[in-house]
Structures are given as C-alpha cells and as structure tokens.
$ cat my_file_30.cif   # mmCIF, C-alpha atoms and all ligand atoms
data_coords
#
loop_
_atom_site.label_atom_id
_atom_site.label_comp_id
_atom_site.auth_asym_id
_atom_site.auth_seq_id
_atom_site.Cartn_x
_atom_site.Cartn_y
_atom_site.Cartn_z
CA MET V 1 22.63 110.86 71.24
CA ASP V 2 19.16 112.32 71.45
CA GLU V 3 17.22 112.04 74.66
CA SER V 4 14.40 109.79 73.52
CA ARG V 5 16.83 107.12 72.30
CA LEU V 6 18.75 107.31 75.55
CA ILE V 7 15.51 106.92 77.49
CA GLU V 8 14.49 103.96 75.35
CA ARG V 9 17.78 102.28 76.20
CA PHE V 10 17.31 103.11 79.88
CA ARG V 11 13.79 101.68 79.87
CA SER V 12 15.03 98.47 78.33
CA GLY V 13 17.45 98.12 81.25
CA ASP V 14 20.67 99.40 79.71
CA PRO V 15 22.80 100.45 82.70
CA GLU V 16 25.13 102.57 80.58
CA ALA V 17 22.13 104.62 79.47
CA PHE V 18 21.20 105.24 83.10
CA ARG V 19 24.73 106.36 83.85
CA GLN V 20 24.68 108.76 80.92
CA ILE V 21 21.35 110.19 82.02
CA VAL V 22 22.74 110.79 85.50
CA ASP V 23 25.85 112.46 84.09
CA ILE V 24 23.78 114.77 81.92
CA GLN V 25 21.06 115.65 84.40
CA TYR V 26 22.89 115.70 87.72
CA PRO V 27 24.35 119.25 87.64
CA GLN V 28 21.01 120.97 87.13
CA VAL V 29 19.12 118.74 89.53
CA TYR V 30 21.78 119.43 92.15
CA ARG V 31 21.59 123.18 91.59
CA LEU V 32 17.83 123.08 91.91
CA CYS V 33 18.02 121.16 95.18
CA PHE V 34 20.62 123.55 96.51
CA ARG V 35 18.41 126.52 95.67
CA PHE V 36 15.65 125.07 97.75
CA LEU V 37 17.66 123.69 100.63
CA GLY V 38 20.60 126.08 100.86
CA ASN V 39 23.02 123.42 102.01
CA ARG V 40 25.22 121.01 100.15
CA GLU V 41 24.68 117.91 102.24
CA ASP V 42 20.93 117.99 101.91
CA ALA V 43 21.16 118.88 98.23
CA GLU V 44 23.41 115.86 97.64
CA GLU V 45 21.14 113.50 99.51
CA ILE V 46 17.93 114.65 97.86
CA CYS V 47 19.67 114.58 94.50
CA GLN V 48 20.58 110.92 95.08
CA ASP V 49 16.98 110.21 96.07
CA VAL V 50 15.79 111.75 92.81
CA PHE V 51 17.94 109.47 90.68
CA ILE V 52 17.15 106.44 92.80
CA ARG V 53 13.48 107.09 92.08
CA LEU V 54 14.20 107.34 88.40
CA HIS V 55 16.16 104.11 88.62
CA ARG V 56 13.30 102.35 90.38
CA THR V 57 10.84 103.66 87.81
CA GLY V 58 12.92 101.92 85.15
CA ALA V 59 10.81 100.42 82.40
CA GLY V 60 7.75 102.06 83.94
CA TYR V 61 9.00 105.49 82.95
CA ARG V 62 6.64 107.07 80.44
CA GLN V 63 8.10 109.92 78.55
CA GLU V 64 5.94 113.00 78.46
CA GLY V 65 8.10 115.90 77.38
CA LYS V 66 11.68 116.30 78.49
CA LEU V 67 13.16 114.02 81.11
CA PHE V 68 14.34 116.96 83.20
CA THR V 69 10.76 118.05 83.88
CA PHE V 70 10.11 114.63 85.43
CA LEU V 71 13.30 114.83 87.50
CA TYR V 72 12.63 118.41 88.58
CA ARG V 73 9.13 117.45 89.66
CA ILE V 74 10.49 114.72 91.93
CA ALA V 75 13.23 117.04 93.17
CA VAL V 76 10.79 119.82 94.04
CA ARG V 77 8.53 117.44 95.91
CA LEU V 78 11.40 115.91 97.89
CA CYS V 79 12.91 119.32 98.67
CA LEU V 80 9.61 120.69 99.92
CA ASN V 81 9.14 117.58 102.06
CA ARG V 82 12.57 118.06 103.52
CA ILE V 83 11.86 121.69 104.31
CA ARG V 84 8.55 120.80 106.00
CA ASP V 85 10.39 118.18 107.97
CA ARG V 86 12.97 120.73 109.08
CA LYS V 87 10.24 123.10 110.18
CA ARG V 88 8.62 120.37 112.25
CA ARG V 89 11.92 119.82 113.97
CA ASN V 90 12.60 123.54 114.29
CA TRP V 91 15.70 123.28 112.17
CA THR V 92 17.49 126.61 112.07
CA SER V 93 21.21 126.36 111.37
CA LEU V 94 21.33 127.02 107.66
CA GLU V 95 24.82 126.48 106.36
CA HIS V 96 24.19 128.49 103.23
CA ALA V 97 27.16 128.31 100.98
CA ALA V 98 30.60 129.68 100.71
CA PRO V 99 31.34 133.39 100.47
CA VAL V 100 30.96 134.89 97.06
CA GLY V 101 34.37 135.13 95.40
CA SER V 102 34.00 138.63 94.01
CA LEU V 103 33.41 140.04 97.47
CA VAL V 104 36.65 138.85 99.00
CA SER V 105 38.54 142.04 98.18
CA ASP V 106 35.82 144.30 99.56
CA SER V 107 36.02 146.05 102.91
CA PRO V 108 34.65 144.25 105.99
CA ASP V 109 31.81 146.77 106.28
CA ARG V 110 30.74 146.18 102.77
CA LEU V 111 31.00 142.43 103.23
CA LEU V 112 28.76 142.63 106.26
CA GLU V 113 26.26 144.78 104.43
CA GLN V 114 26.27 142.31 101.56
CA LYS V 115 25.82 139.39 103.93
CA GLU V 116 22.87 141.11 105.59
CA LYS V 117 21.28 141.79 102.24
CA GLU V 118 21.77 138.20 101.27
CA GLN V 119 20.13 136.99 104.46
CA ALA V 120 17.19 139.33 103.99
CA VAL V 121 16.70 138.03 100.46
CA ARG V 122 17.01 134.42 101.60
CA LYS V 123 14.44 134.97 104.33
CA ALA V 124 12.00 136.67 101.99
CA VAL V 125 12.30 133.85 99.46
CA ASP V 126 11.97 131.15 102.13
CA GLU V 127 8.81 132.76 103.42
CA LEU V 128 7.06 132.67 100.07
CA PRO V 129 4.28 130.09 99.79
CA GLU V 130 5.63 126.82 98.37
CA ALA V 131 4.12 127.10 94.90
CA GLN V 132 5.24 130.69 94.41
CA ARG V 133 8.71 129.89 95.67
CA THR V 134 8.93 126.91 93.34
CA ALA V 135 7.85 128.93 90.31
CA LEU V 136 10.30 131.68 91.19
CA ILE V 137 13.25 129.34 91.67
CA LEU V 138 12.51 127.53 88.42
CA ARG V 139 12.27 130.84 86.59
CA ARG V 140 14.97 132.98 88.16
CA TYR V 141 17.66 130.38 88.80
CA GLN V 142 16.94 127.43 86.54
CA GLU V 143 15.85 129.81 83.79
CA LEU V 144 12.95 127.66 82.67
CA SER V 145 10.32 128.95 80.28
CA TYR V 146 6.74 129.35 81.51
CA SER V 147 5.67 126.25 79.63
CA GLU V 148 8.49 124.22 81.20
CA ILE V 149 7.58 125.49 84.66
CA ALA V 150 3.96 124.53 83.96
CA LYS V 151 5.07 121.00 83.06
CA VAL V 152 7.20 120.63 86.19
CA MET V 153 4.45 121.97 88.43
CA GLN V 154 1.65 120.30 86.49
CA CYS V 155 -0.38 123.46 86.17
CA SER V 156 -1.36 125.91 83.44
CA GLU V 157 0.90 128.65 82.10
CA ALA V 158 -1.65 131.17 83.36
CA SER V 159 -1.10 129.81 86.87
CA VAL V 160 2.63 130.19 86.41
CA GLU V 161 2.13 133.83 85.42
CA SER V 162 0.00 134.43 88.44
CA MET V 163 2.39 132.68 90.83
CA LEU V 164 5.37 134.61 89.51
CA PHE V 165 3.49 137.88 89.72
CA ARG V 166 2.52 137.25 93.33
CA ALA V 167 5.99 136.06 94.29
CA ARG V 168 7.62 139.16 92.83
CA GLN V 169 4.99 141.42 94.32
CA THR V 170 5.61 139.98 97.77
CA LEU V 171 9.37 140.24 97.41
CA ARG V 172 9.07 143.83 96.23
CA LYS V 173 7.18 144.71 99.39
CA LYS V 174 9.30 142.68 101.79
CA LEU V 175 12.57 143.93 100.37
CA LYS V 176 11.44 147.55 100.04
CA SER V 177 14.16 148.79 102.37
CA LEU V 178 16.83 147.32 100.09
CA LEU V 179 15.46 148.93 96.94
CA ALA V 180 16.91 152.23 95.80
CA MET Y 1 -10.25 149.43 76.24
CA GLN Y 2 -7.20 150.96 77.82
CA MET Y 3 -5.35 149.04 80.53
CA LYS Y 4 -5.46 150.67 83.91
CA CYS Y 5 -2.50 150.95 86.27
CA LYS Y 6 -3.75 147.95 88.21
CA ASP Y 7 -3.77 145.77 85.06
CA ILE Y 8 -0.40 147.09 83.98
CA LYS Y 9 1.15 146.26 87.33
CA TYR Y 10 -0.29 142.77 87.18
CA ARG Y 11 1.05 142.23 83.66
CA LEU Y 12 4.49 143.71 84.35
CA SER Y 13 5.90 140.46 85.71
CA ALA Y 14 4.98 138.48 82.57
CA PHE Y 15 5.83 141.43 80.32
CA MET Y 16 9.34 141.61 81.75
CA ASP Y 17 9.72 137.91 81.02
CA GLY Y 18 8.83 138.59 77.38
CA ARG Y 19 5.39 137.02 77.72
CA ALA Y 20 3.29 139.89 76.31
CA GLY Y 21 2.14 139.80 72.71
CA PRO Y 22 3.19 142.69 70.43
CA ASP Y 23 0.01 144.75 70.97
CA GLU Y 24 -0.01 144.30 74.70
CA ALA Y 25 3.71 144.99 74.91
CA ALA Y 26 3.30 148.22 72.96
CA GLU Y 27 0.49 149.32 75.24
CA ILE Y 28 2.47 148.57 78.38
CA GLU Y 29 5.53 150.36 76.97
CA SER Y 30 3.60 153.50 76.16
CA HIS Y 31 1.90 153.46 79.56
CA LEU Y 32 5.25 153.12 81.31
CA ARG Y 33 6.49 156.22 79.47
CA ILE Y 34 3.73 158.42 80.89
CA CYS Y 35 3.03 156.82 84.28
CA PRO Y 36 5.75 157.38 86.90
CA ASP Y 37 3.96 155.12 89.34
CA CYS Y 38 4.05 152.05 87.10
CA GLY Y 39 7.56 153.02 85.97
CA ALA Y 40 8.67 152.86 89.60
CA VAL Y 41 7.15 149.43 90.00
CA ARG Y 42 9.07 148.18 86.99
CA ARG Y 43 12.30 149.64 88.38
CA GLU Y 44 11.71 147.90 91.70
CA MET Y 45 10.93 144.61 90.02
CA ARG Y 46 14.23 144.80 88.17
CA GLN Y 47 15.98 145.47 91.45
CA VAL Y 48 14.27 142.49 93.04
CA THR Y 49 15.54 140.33 90.19
CA ASP Y 50 19.04 141.67 90.82
CA LEU Y 51 18.77 141.07 94.56
CA LEU Y 52 17.85 137.45 93.92
CA GLY Y 53 21.22 137.15 92.23
CA LEU Y 54 22.87 137.64 95.63
CA LEU Y 55 21.96 134.14 96.73
CA PRO Y 56 24.90 131.83 96.12
CA ASP Y 57 24.91 129.06 93.58
CA ALA Y 58 26.56 125.74 94.36
CA ALA Y 59 28.78 124.00 91.86
CA PRO Y 60 27.90 120.33 91.54
CA GLU Y 61 30.30 118.00 93.35
CA PRO Y 62 32.44 115.61 91.31
CA PHE Y 63 32.02 111.80 91.37
CA PHE Y 64 28.29 111.90 91.91
CA THR Y 65 27.73 108.75 89.85
CA THR Y 66 30.14 106.86 92.10
CA ARG Y 67 28.28 107.94 95.23
CA LEU Y 68 24.96 107.15 93.62
CA ALA Y 69 26.20 103.69 92.68
CA ALA Y 70 27.14 103.08 96.30
CA ARG Y 71 23.66 104.12 97.43
CA LEU Y 72 22.03 101.87 94.84
CA ALA Y 73 24.18 98.95 95.95
CA GLN Y 74 23.35 99.64 99.62
CA ASP Y 75 19.63 99.82 98.93
CA HIS Y 76 19.83 96.70 96.86
CA ALA Y 77 21.72 94.79 99.53
CA ALA Y 78 19.27 95.95 102.20
CA ASP Y 79 16.30 94.87 100.09
CA ARG Y 80 17.76 91.43 99.52
CA HIS Y 81 18.80 90.72 103.08
CA PRO Y 82 16.26 92.00 105.58
CA ARG Y 83 17.47 89.33 108.03
CA VAL Y 84 21.02 90.54 107.95
CA ARG Y 85 19.72 94.09 108.25
CA ARG Y 86 17.69 93.36 111.34
CA PHE Y 87 20.49 91.51 113.07
CA LEU Y 88 23.01 94.26 112.58
CA VAL Y 89 21.03 97.29 113.71
CA PRO Y 90 22.14 97.52 117.36
CA LEU Y 91 25.78 96.69 116.85
CA TYR Y 92 28.68 99.07 116.68
CA MET Y 93 30.83 99.30 113.59
CA VAL Y 94 33.78 97.18 114.71
CA SER Y 95 31.90 94.40 116.43
CA ALA Y 96 29.48 94.38 113.53
CA LEU Y 97 32.30 93.58 111.19
CA VAL Y 98 33.12 90.45 113.18
CA VAL Y 99 29.50 89.41 113.69
CA GLY Y 100 28.72 90.35 110.11
CA PHE Y 101 31.42 88.03 108.95
CA ILE Y 102 29.91 85.14 110.87
CA ILE Y 103 26.33 85.91 109.79
CA GLY Y 104 27.59 86.62 106.31
CA SER Y 105 29.20 83.25 105.86
CA PHE Y 106 26.22 81.51 107.48
CA SER Y 107 23.48 83.19 105.47
CA GLY Y 108 25.71 83.20 102.43
CA SER Y 109 25.67 79.41 102.43
CA LEU Y 110 21.91 79.48 103.08
CA PHE Y 111 21.10 81.78 100.23
CA ASN Y 112 23.58 80.58 97.68
CA GLY Y 113 21.24 78.09 96.08
CA ALA Y 114 18.27 80.45 95.96
CA GLN Y 115 20.20 83.32 94.52
CA THR Y 116 18.47 85.03 91.63
CA THR Y 117 20.32 85.79 88.46
CA SER Y 118 21.70 89.24 87.85
CA SER Y 119 18.80 91.68 87.91
CA THR Y 120 18.65 95.01 86.17
CA GLU Y 121 19.63 96.67 89.43
CA ASP Y 122 22.78 94.59 89.66
CA ALA Y 123 23.62 95.61 86.14
CA MET Y 124 22.96 99.27 86.92
CA ALA Y 125 25.17 99.15 89.98
CA ARG Y 126 27.90 97.41 87.98
CA SER Y 127 27.80 99.96 85.26
CA LEU Y 128 28.29 102.63 87.86
CA TYR Y 129 31.80 101.37 88.49
CA LEU Y 130 30.83 98.91 91.15
CA GLN Y 131 32.16 95.75 89.53
CA SER Y 132 34.12 94.95 92.66
CA PHE Y 133 30.96 94.87 94.75
CA ASP Y 134 29.64 91.92 92.82
CA ASP Y 135 32.91 90.11 93.07
CA PHE Y 136 32.04 89.27 96.66
CA PRO Y 137 29.82 86.29 97.29
CA GLU Y 138 26.26 86.97 98.43
CA ALA Y 139 25.93 88.23 101.99
CA SER Y 140 29.67 88.39 102.38
CA ILE Y 141 31.39 90.73 104.78
CA SER Y 142 31.34 93.61 102.35
CA GLU Y 143 27.61 93.34 101.88
CA ALA Y 144 27.01 93.14 105.60
CA TYR Y 145 29.14 96.25 105.98
CA PHE Y 146 27.07 98.13 103.41
CA THR Y 147 23.88 96.98 105.08
CA LEU Y 148 25.15 98.26 108.38
CA ALA Y 149 25.93 101.61 106.82
CA VAL Y 150 22.33 101.80 105.62
CA ASN Y 151 21.02 100.93 109.04
CA LEU Y 152 23.19 103.48 110.76
CA THR Y 153 21.83 106.26 108.61
CA ASP Y 154 18.23 105.08 108.83
CA GLY Y 155 15.91 107.48 110.54
CA GLU Y 156 18.27 110.42 110.23
CA GLY Y 157 17.97 111.35 106.62
CA ASP Y 158 15.34 109.08 105.16
CA GLN Y 159 12.33 110.54 103.49
CA PRO Y 160 9.03 110.10 105.28
ZN ZN P 1 0.29 153.36 85.69
#

$ encode --input "my_file_30.cif" --output "structure tokens" --more "lines below"
Ligand SMILES: [Zn+2]
Amino acid sequence: MDESRLIERFRSGDPEAFRQIVDIQYPQVYRLCFRFLGNREDAEEICQDVFIRLHRTGAGYRQEGKLFTFLYRIAVRLCLNRIRDRKRRNWTSLEHAAPVGSLVSDSPDRLLEQKEKEQAVRKAVDELPEAQRTALILRRYQELSYSEIAKVMQCSEASVESMLFRARQTLRKKLKSLLA
Amino acid sequence: MQMKCKDIKYRLSAFMDGRAGPDEAAEIESHLRICPDCGAVRREMRQVTDLLGLLPDAAPEPFFTTRLAARLAQDHAADRHPRVRRFLVPLYMVSALVVGFIIGSFSGSLFNGAQTTSSTEDAMARSLYLQSFDDFPEASISEAYFTLAVNLTDGEGDQP
C-alpha cells in the first residue's frame, strides 16, 4: 500500500493503519535515536515518544512530503532535548552499545586501540554543534539526501551543504591524530 | 574564473556527496590531480567518513508495537483518571494494588454512567494487541495498576 493511502486511513482513525505505520517506520526512527543518544534505553523511550506524538496528532496530521521526515523531525528535537537534559544533570555514563562482532577475534591490544578510536570519534561527534551533528547523522548514518535533510531540519539545501562541510572540517581537525 | 584552493576545499564535502554539477565536478577533479594539498584534504575527508563507521549501530528491538500499545494505554488511563492517579502516587506497589482495588471499584461505579464511548485512542490501543485491556471495567484494578506504573516513572524519564 502506498504511503499516502495509509496516512489517509490513519487520519480517519483507522488503528490498523497506525500499527502499520509504526511497523514500517520504527526501525529507522530507532536507529536515528540510537545514533544521537548512544544507549538503547533512551533510544527506546524517545522512539515511543515520537510515535505517541504522531498518534496524538491523528487527524491533524498534514502530509507535506514523506512521513519519515515528520517523524525524524520530532525524533531529532526530542533527542536533542534529552541530551541537553543530560548535560544539565552532568550525565556521563554512556552505555554505548555492544562490542562490534568482527573485532571479537582480534588481539586485546587491537581491541583496545579500536575502542579508543571509537571513543575519540564519539567524543568528536558529540561535541559538534547540534545542527551540524544532526546534518551529519542524517547524512552519514541515515543516508538521507540533501533535500531530505533540508526537509527534516526545515532549512535550505545550501544550509545543509554548509553544515556538512563545517562538521566534516571540524572532525578532520579533531581526529587528525587518527588519520594516516 | 578558476576556483582557488579555498573554494575547492569548501566544495569538497558536497562534491564527495555527488552534489557538484558536471562542470564543477570536472574542475574539482582536474584541480585535485595537480594540487597535493587539496588531494590530501580529500583523502582525510574519506578517512573521516570511514572513522564514523566505527560507531556501533543498534538493531531495533522486537515487539515495539506491543510496548508502544502499553504506553498508549497507560497514557490514556492516566488522562481519564486524574483522581486515581493522584491518590496512588505515594503508595508502594503491593499496597497500591489493594488500595487500587478499593478505589477502582468505588470510582468504577461512579464513572460507569458517564463513560464515553470508545474513542479513537481506545481503538488504536486495541489494534495494538491490547484487546484484553479493554475487557476490564473502567477504573478496575488493572487500570489502577497501569496508572501507578505511569506515576512511578513520572519525573524520571518524562520530557520537559
Ligand atoms: Zn588546491
């Protein structure tokens, strides 16, 4: 079923349509939240909040472009709020995911080196200004086009170009020691 | 006019994402062939992209719709019964079950007549495999229990 028909059914209060939308959209919304928050519990909770907002919007939902851009926009906002909240409370203990499977057979030294690299990258990304970080995550991990990123972030494609340039520039400088 | 190194470096990010038009792309390509400085920047940008791949992905957890349905039902119950909600806040889980039962049967009989017909939210929650939730009468023990669960998590994870 195409998306606009599904959305029509959702707007008219069809619960099955809502369930289908959740099934289709959940994996990517969850991944996006996890990219921002780096821990599963928070990603799950924010992800639920995103769909609860969609649910509350109900008949009031006005389709402008793809549904995922609407969901991503809410997700980004909620994730950034959560991160600000953490900072206010001096939250430090990032759980950050399970070990990467392919590294299991590597030597302990190499694992440690890899872990350190990963932490350096994580830190550099986390320190990017919010807009740049958002553009980068949407591009690098969610693999959105510039025009999709512009829709999510409600800005021009030229702004997206500029944000991505600055994000990559900053990362290039901060991660200099890791570059060959 | 020829692009200078500064312009090239600025455009590299978009160029590497395939955002340059054919003319611009050709100009950048030919510049990169003769300018080691800009060539090095491109190499480093590629490496940065690779480094970003080190950050772990998380596979989505199964049964999300079921958990979401439970949240929707909780929120819905809390919205409908602020009185029950307020009463239950300070109580511990076990005692709340007992008290909740008493309050539940009391307010249940109070609210029975004024109960609205099935709203869209009820239907949504039902469709998300929560039929059994609606099998209980209004403000019954199960609803009080859900309300308590909401109250217990209030203030920890809620959005500002
Ligand atoms: Zn140059």

$ residues_near_ligand --input "my_file_30.cif" --ligand "ligand ZN 1 (chain P)" --cutoff "12 Å" --atoms "only C-alpha atoms and all ligand atoms" --output "ChimeraX atom specification"
/Y:2-12,27-42

$ atom_distance --input "my_file_30.cif" --atom1 "atom CA of Arg19 of chain V" --atom2 "atom CA of Asp42 of chain V"
21.8 Å

$ residues_around --input "my_file_30.cif" --residues "segment 158-161 of chain V" --least-positions-apart "3" --cutoff "8 Å" --atoms "all atoms listed in the file" --output "short mmCIF file (atom, residue, chain, number, x, y, z; two decimals) with C-alpha atoms, in the frame of the given file"
data_model
loop_
_atom_site.label_atom_id
_atom_site.label_comp_id
_atom_site.auth_asym_id
_atom_site.auth_seq_id
_atom_site.Cartn_x
_atom_site.Cartn_y
_atom_site.Cartn_z
CA ALA V 135 7.85 128.93 90.31
CA TYR V 146 6.74 129.35 81.51
CA ILE V 149 7.58 125.49 84.66
CA ALA V 150 3.96 124.53 83.96
CA CYS V 155 -0.38 123.46 86.17
CA LEU V 164 5.37 134.61 89.51
CA PHE V 165 3.49 137.88 89.72
CA SER Y 13 5.90 140.46 85.71
CA ALA Y 14 4.98 138.48 82.57
#

$ closest_residue --input "my_file_30.cif" --among "Y:Arg80, Y:Thr65, Y:Arg43, Y:Asp75" --to "Gln20 of chain V" --atoms "all atoms listed in the file"
Y:Thr65

$ atom_distance --input "my_file_30.cif" --atom1 "atom CA of Glu116 of chain V" --atom2 "atom CA of Gly53 of chain Y"
14.0 Å

$ closest_residue --input "my_file_30.cif" --among "Y:Met16, Y:Ala77, Y:Val48, Y:Ala70" --to "chain V" --atoms "all atoms listed in the file"
Y:Val48

$ atom_distance --input "my_file_30.cif" --atom1 "atom CA of Pro27 of chain V" --atom2 "atom CA of Pro60 of chain Y"
5.4 Å

$ closest_residue --input "my_file_30.cif" --among "Y:Ala73, Y:Pro62, Y:Ala78, Y:Leu55" --to "chain V" --atoms "only C-alpha atoms"
Y:Leu55

$ closest_residue --input "my_file_30.cif" --among "V:Arg86, V:Arg133, V:Lys66, V:Arg172" --to "chain Y" --atoms "only C-alpha atoms"
V:Arg172

$ residues_near_point --input "my_file_30.cif" --point "(11.4, 103.4, 84.7)" --cutoff "10 Å" --atoms "only C-alpha atoms" --output "PyMOL selection string"
chain V and resi 7-8+10-13+53-63

$ closest_residue --input "my_file_30.cif" --among "V:Gln154, V:Thr170, V:Asn81, V:Gln48" --to "Val22 of chain V" --atoms "all atoms listed in the file"
V:Gln48

$ residues_around --input "my_file_30.cif" --residues "Ile83 of chain V" --least-positions-apart "4" --cutoff "8 Å" --atoms "all atoms listed in the file" --output "ChimeraX atom specification"
/V:37,79,87

$ residues_around --input "my_file_30.cif" --residues "Gly65 of chain V" --least-positions-apart "3" --cutoff "10 Å" --atoms "only C-alpha atoms" --output "list in words"
Ser4, Arg62, Phe68, Thr69, Phe70, Glu148 and Lys151 of chain V

$ write_last_selection --input "my_file_30.cif" --atoms "C-alpha atoms" --output "JSON list (two decimals), in the coordinates of the input"
[["chain", "number", "residue", "atom", "x", "y", "z"],
["V", 4, "SER", "CA", 14.40, 109.79, 73.52],
["V", 62, "ARG", "CA", 6.64, 107.07, 80.44],
["V", 68, "PHE", "CA", 14.34, 116.96, 83.20],
["V", 69, "THR", "CA", 10.76, 118.05, 83.88],
["V", 70, "PHE", "CA", 10.11, 114.63, 85.43],
["V", 148, "GLU", "CA", 8.49, 124.22, 81.20],
["V", 151, "LYS", "CA", 5.07, 121.00, 83.06]]
